[in-house]
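First comes the structure, then the notes that go with it.
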Amino acid sequence: MLKRLNPSQWTPSCAAHLLNRAGFGGPPSEVQALYALGLNRAVETMLSGSEDDDMFPPPTITEPKDLYDEMRAMRSMTSEEEKRAAQQKARREQAEQLRATRAWWLDRMRYTVYPLREKMTLFWHGHFATGVEKVRAAYLMWQQNETFRARALGSFRYLAKEVSRDPAMMRYLDLQQSNREKPNENFARELMELFLLGEGVRYTEKDIKESARAFTGYRIDPQRGAFVFQKQQFDPAEKTFMGRTGPYDGDAIIDIILDQPESAAFIARKLWVFFGSENPSATLVQNLGAQLRGANYDVRSTLREMFLSEEFYSPRVVRSQIKSPIQWLVQTSRVLEAPLPSQQALEASMSQLGQVLFAPPNVKGWEGGRAWISSSTLLFRYNLAGYIVSGKAPALDGFRRAAGSVNIPLEKIAPADLRGNPEALCDAVSNRLLNSRLEAAERERLIAYLRERGRKIDDPSLRDFLYLMMSTPDYQLT
Amino acid sequence: MNEPTFHTRRKFLRTGVLGGAMAWTLPVFLEKTFFALDASAADSAVQTMTGKDSPILVVLQLAGGNDGLNTVVPFSDDAYYKARPRIGIAAGNTLKLNDQIGLNSRLSKLRGLYDSGELALIQGVGYPNPNRSHFRSTDIWQTATDSDKFDRHGWLGRYFDSCCGGEDPSVGVSVGRETPLAFSASVPKGITLARPEQFRFISESASNPGATEDLFREMNGMDSSAGEENSGGSVQSLGGAGAMVGGDTMDYLRRTALDAQVSSDKILEITRKVRSSASYPGSQLANSLNLVARLIAGGMSTRVYYVSQGGYDTHSNQSNSHDRLMGDLDAALGAFVADLKAQGNFNRVMVMTFSEFGRRVAENNSGGTDHGAAAPMFVLGGGVKPGIYGKQPSLTELTDGDLFYNVDFRSVYATVLDNWMKAPSEKVLHRKFQTMSFV
């Protein structure tokens, strides 16, 4: 067990940190409300949001059956031209539906009362990375996303098995093409290397080959977009895997892998890196892994352990993480109490910032950390901040078409009584945006800047001020 | 501190070899940065003056998998026409290089460079156990690893790491939205820009633009009028005991912010001042190469430029679209070469094309081609030993329907590194690959 934080050390900035990491941050009022609950209840609140409170009608996506009929109709077309036109139309529709699905998910992250579930959904998306460029069906990506959401904080054992039967994943890693004559090793390899164990840990090339035979017979019913098991394609013979022998199927292989202590440590480490800090100590990983294993891979109990730990609130962790592009976008909207930018602006931003939902760079997912920041993405973050607070669009394709600017409730961010008080205004804004106080010299400089703007800070000056504070290295951290 | 060195650095910062208003009261990490910058600035000054002693590499990616067989057409081989009854290009419709192969008819400028001895063609380039995923295969080309190995760092990034000790952020410039994996390095260098006019902090202050931009620069380590107090973390954690937070991560962010700003100033200045000495067509690739030519003319100390042309994933009805791509490629490269020659920089520059894979030998049922394996590469420039290298792979002895490679692409990289960039390829590629004689 990790050493717990003494509840007396629980402060508003601890609450802000919990809200940032277990969710996507929030305005001072939300931080205050979470703080008021005290450590234990605050953590339980984050862990136990109710699905019923969260109503987001699903995006409009062509159902597999209709898509299947469309494809069949296309295949029977005799005129090349007609066929091409139909294909183009289908491609356009799929692309549009995918954009709608991204917007739908971002909207959930922005407005959900259960942010940890969305955050874990994002974690699983990066962990079991699946890219639409190969899956080529918005419905399957959405369906996988719903699986991640439904199992977000549940049993990792169960989720891993479900993912092996997830049609999007099956397409992405060629599982649906694998059969007893020619077992495809793509999935089996990534299962161990990226999903359950880590490269070269405890397994050999022979184990990959043997386990590939266990994952045969997995097929997709194209009319339902659902998993079906085709017994004739399954290899029922004995497999020797990680020193054991038996007529294993895919689930049995997953169980054997999860029996390895390294597996629990691997997942625990990845959870800590995502929620906590980049370089956890070996002891911490070992303890957290033992906890996860002891809880039979129940993710919720491991998250609880993390969020209650002293280490999680230590200076090594707090404000040490570079916001992912998605975190940046959603957290910015949440702390400004503003809507998300338009769909076009979001699309252009995700692509410029290097994190397009449903399109991770490869099966390893997003690298994260410093990889988010290049000279170009950092400048883009700055200019995007300018767009959000002032509506001045960067001269970029996606933004030229972007409708309108983002409506920011300036009166909420700086009520009348703060407009004539530069010190209080500076503190309020830095607390809202950075959840921390500025260093004295920098605070003085910003206050001087506000003073130069006259006795009362008007809206344009306030926008400049927000823009400035968001165009800093500090703002990239959470 | 050694006074003369300090003096030099001050002078350097004042004169602003690398950009506008720089300050010299700097936080610790900036001190480190600028000590190194100083050394590399000396290099860059020499480069700019002599203009001759630093070779430049331009990597041109043909994204999507270029159809090598319709780029360099093996017209003497019947198997070609058998495999491609619809999309095969007739012998008379190619620009013949010899009695066996001819270039796509749209590649007339490249043909001219071949004739004038400034172009090398390398046939049958690929790698063992080819991967047919765009992404994976692109990664393999960018990291120069075996096809079953992953590397976080790209081959150009490893070149920056091991051979560009200075801290000049613009040692690599990628034109486009994303930093290519090839640039990924353990000490990140290289900048990425789509259009120079966006590569800046857009100060849109309504009330007081100058003051806002000044303060922005200050907060991003560009100015130090706030004094030494600014060193260390500017934000302290409330959760902790006031220890500096972010640590290296904060250093990294500040450094990137500074790199971006320093190069942004310089790039904007150059692109405002330098005009092209040739007329370019309107394609995106032409725009990218135009920008590269202006940056070269403006005296950037950049060693590697990276540009790309997309659209090569020709699964259906490819004849027209592939010809158009070839035409765009040829026109853009033609203008770029003319521009460099007019500048007098052609002998410093080498352009190398690559694509993640070639395409299937046999056309598919939609008049297109599916993902394949080996394909040709072009290398052109004043320092190229012209000719045809490697050999055309057999069209009948295939592996899974694809051409078998006879030149490992890393031999091409090794040649460019060793013989052109004067960088030890073994260190960069983690292995000794046989070099070729095109440089």
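In the structure tokens, chains take the letters A, B, ... in the order shown, each chain's residues start at 1, and ligands count up from 1 in the order shown.
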
For this session: Compile the contact shell of B:Phe135 as number ranges by chain: residues with an atom at most 9 Å away, counting only C-alpha atoms, same-chain residues fewer than 5 positions apart removed.
Result: A: 361-362; B: 140, 356

For this session: Write out as a ChimeraX atom specification all residues of stretch 94-128 of chain B that backbone DSSP assigns to strand (DSSP E or B).
Result: /B:94-96,102-104,119-126

Exercise. Which neighbours of A:Thr302 fall inside 9 Å, counting only C-alpha atoms, when residues of the same chain fewer than 4 positions from it are skipped, and could you give them as a ChimeraX atom specification?
Worked result: /A:268,271,288-289,291-292,295,297-298,306-307

Dump of N, CA and C atoms for the selected residues, as a tab-separated table (two decimals), in the first residue's frame:
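That gives us part-v5.tsv:
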chain	number	residue	atom	x	y	z
A	268	ALA	N	0.13	-0.88	-13.85
A	268	ALA	CA	0.17	0.08	-12.75
A	268	ALA	C	1.09	1.25	-13.09
A	271	LEU	N	-0.55	3.54	-15.55
A	271	LEU	CA	-1.57	4.37	-14.91
A	271	LEU	C	-0.91	5.53	-14.15
A	288	LEU	N	2.27	-0.50	-6.30
A	288	LEU	CA	1.01	-0.28	-6.99
A	288	LEU	C	0.62	-1.52	-7.80
A	289	GLY	N	1.63	-2.17	-8.38
A	289	GLY	CA	1.37	-3.40	-9.14
A	289	GLY	C	0.84	-4.50	-8.23
A	291	GLN	N	-0.76	-4.08	-5.53
A	291	GLN	CA	-2.13	-3.69	-5.17
A	291	GLN	C	-3.11	-4.10	-6.28
A	292	LEU	N	-2.73	-3.80	-7.54
A	292	LEU	CA	-3.61	-4.10	-8.67
A	292	LEU	C	-3.83	-5.61	-8.79
A	295	ALA	N	-6.04	-6.95	-6.09
A	295	ALA	CA	-7.44	-6.59	-6.30
A	295	ALA	C	-7.98	-7.25	-7.57
A	297	TYR	N	-7.03	-7.08	-10.58
A	297	TYR	CA	-7.04	-6.14	-11.69
A	297	TYR	C	-8.25	-5.19	-11.68
A	298	ASP	N	-8.77	-4.90	-10.50
A	298	ASP	CA	-9.83	-3.90	-10.41
A	298	ASP	C	-9.20	-2.51	-10.47
A	306	MET	N	-3.96	5.44	-5.68
A	306	MET	CA	-3.13	6.53	-6.20
A	306	MET	C	-3.61	7.89	-5.68
A	307	PHE	N	-4.91	8.13	-5.81
A	307	PHE	CA	-5.44	9.46	-5.49
A	307	PHE	C	-5.43	9.77	-3.99

Residues within 9 Å of B:Val73, only C-alpha atoms, excluding chain neighbours under 4 positions, as a PDB file with N, CA and C atoms, in the first residue's frame:
ATOM      1  N   GLY B  68       6.572   3.013 -57.968  1.00  0.00           N
ATOM      2  CA  GLY B  68       7.893   3.071 -58.584  1.00  0.00           C
ATOM      3  C   GLY B  68       7.894   2.608 -60.030  1.00  0.00           C
ATOM      4  N   LEU B  69       7.055   1.633 -60.339  1.00  0.00           N
ATOM      5  CA  LEU B  69       7.091   1.055 -61.690  1.00  0.00           C
ATOM      6  C   LEU B  69       6.503   1.986 -62.745  1.00  0.00           C
ATOM      7  N   TYR B  80       6.058  -6.547 -67.243  1.00  0.00           N
ATOM      8  CA  TYR B  80       5.479  -5.265 -66.804  1.00  0.00           C
ATOM      9  C   TYR B  80       4.106  -5.056 -67.446  1.00  0.00           C
ATOM     10  N   GLY B  88      -0.197   0.181 -67.520  1.00  0.00           N
ATOM     11  CA  GLY B  88       1.190   0.156 -67.980  1.00  0.00           C
ATOM     12  C   GLY B  88       1.451   1.314 -68.937  1.00  0.00           C
ATOM     13  N   ILE B  89       2.630   1.897 -68.874  1.00  0.00           N
ATOM     14  CA  ILE B  89       2.959   3.040 -69.736  1.00  0.00           C
ATOM     15  C   ILE B  89       3.771   2.527 -70.922  1.00  0.00           C
ATOM     16  N   ALA B  90       3.316   2.854 -72.141  1.00  0.00           N
ATOM     17  CA  ALA B  90       3.975   2.366 -73.355  1.00  0.00           C
ATOM     18  C   ALA B  90       5.398   2.913 -73.443  1.00  0.00           C
ATOM     19  N   ALA B  91       6.276   2.106 -74.019  1.00  0.00           N
ATOM     20  CA  ALA B  91       7.683   2.487 -74.120  1.00  0.00           C
ATOM     21  C   ALA B  91       7.846   3.860 -74.769  1.00  0.00           C
ATOM     22  N   THR B  94       7.615   7.075 -72.631  1.00  0.00           N
ATOM     23  CA  THR B  94       8.505   7.326 -71.493  1.00  0.00           C
ATOM     24  C   THR B  94       9.701   8.154 -71.961  1.00  0.00           C
ATOM     25  N   LYS B  96      13.225   7.810 -72.157  1.00  0.00           N
ATOM     26  CA  LYS B  96      14.143   6.680 -72.009  1.00  0.00           C
ATOM     27  C   LYS B  96      15.485   7.098 -71.424  1.00  0.00           C
ATOM     28  N   GLN B 100      16.306  -0.071 -71.527  1.00  0.00           N
ATOM     29  CA  GLN B 100      15.453  -0.878 -70.655  1.00  0.00           C
ATOM     30  C   GLN B 100      14.452  -0.074 -69.843  1.00  0.00           C
ATOM     31  N   ILE B 101      14.882   1.074 -69.409  1.00  0.00           N
ATOM     32  CA  ILE B 101      14.004   1.849 -68.537  1.00  0.00           C
ATOM     33  C   ILE B 101      13.837   3.279 -69.031  1.00  0.00           C
ATOM     34  N   GLY B 102      12.713   3.844 -68.679  1.00  0.00           N
ATOM     35  CA  GLY B 102      12.440   5.241 -69.022  1.00  0.00           C
ATOM     36  C   GLY B 102      11.668   5.911 -67.896  1.00  0.00           C
ATOM     37  N   LEU B 103      11.861   7.222 -67.768  1.00  0.00           N
ATOM     38  CA  LEU B 103      11.132   7.957 -66.732  1.00  0.00           C
ATOM     39  C   LEU B 103       9.711   8.225 -67.193  1.00  0.00           C
ATOM     40  N   ASN B 104       8.817   8.361 -66.233  1.00  0.00           N
ATOM     41  CA  ASN B 104       7.460   8.832 -66.503  1.00  0.00           C
ATOM     42  C   ASN B 104       7.554  10.103 -67.352  1.00  0.00           C
TER      43      ASN B 104
END

For this session: Please measure the separation of atom CA of A:Pro222 and atom CA of A:Gln176, giving the value in Å to one decimal.
Result: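 So the answer is 11.1 Å.
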
Exercise. Out of stretch 130-301 of chain A, which residues get alpha helix (DSSP H) from DSSP, as number ranges by chain?
Worked result: A: 132-135, 138-150, 156-164, 167-172, 186-190, 205-214, 250-258, 261-275, 282-294, 299-301

For this session: Dump as a PyMOL selection string the residues of chain A that approach chain B to within 6 Å, counting only C-alpha atoms.
Result: chain A and resi 13-14+314-315+320+375-376+436+438-439+464+473
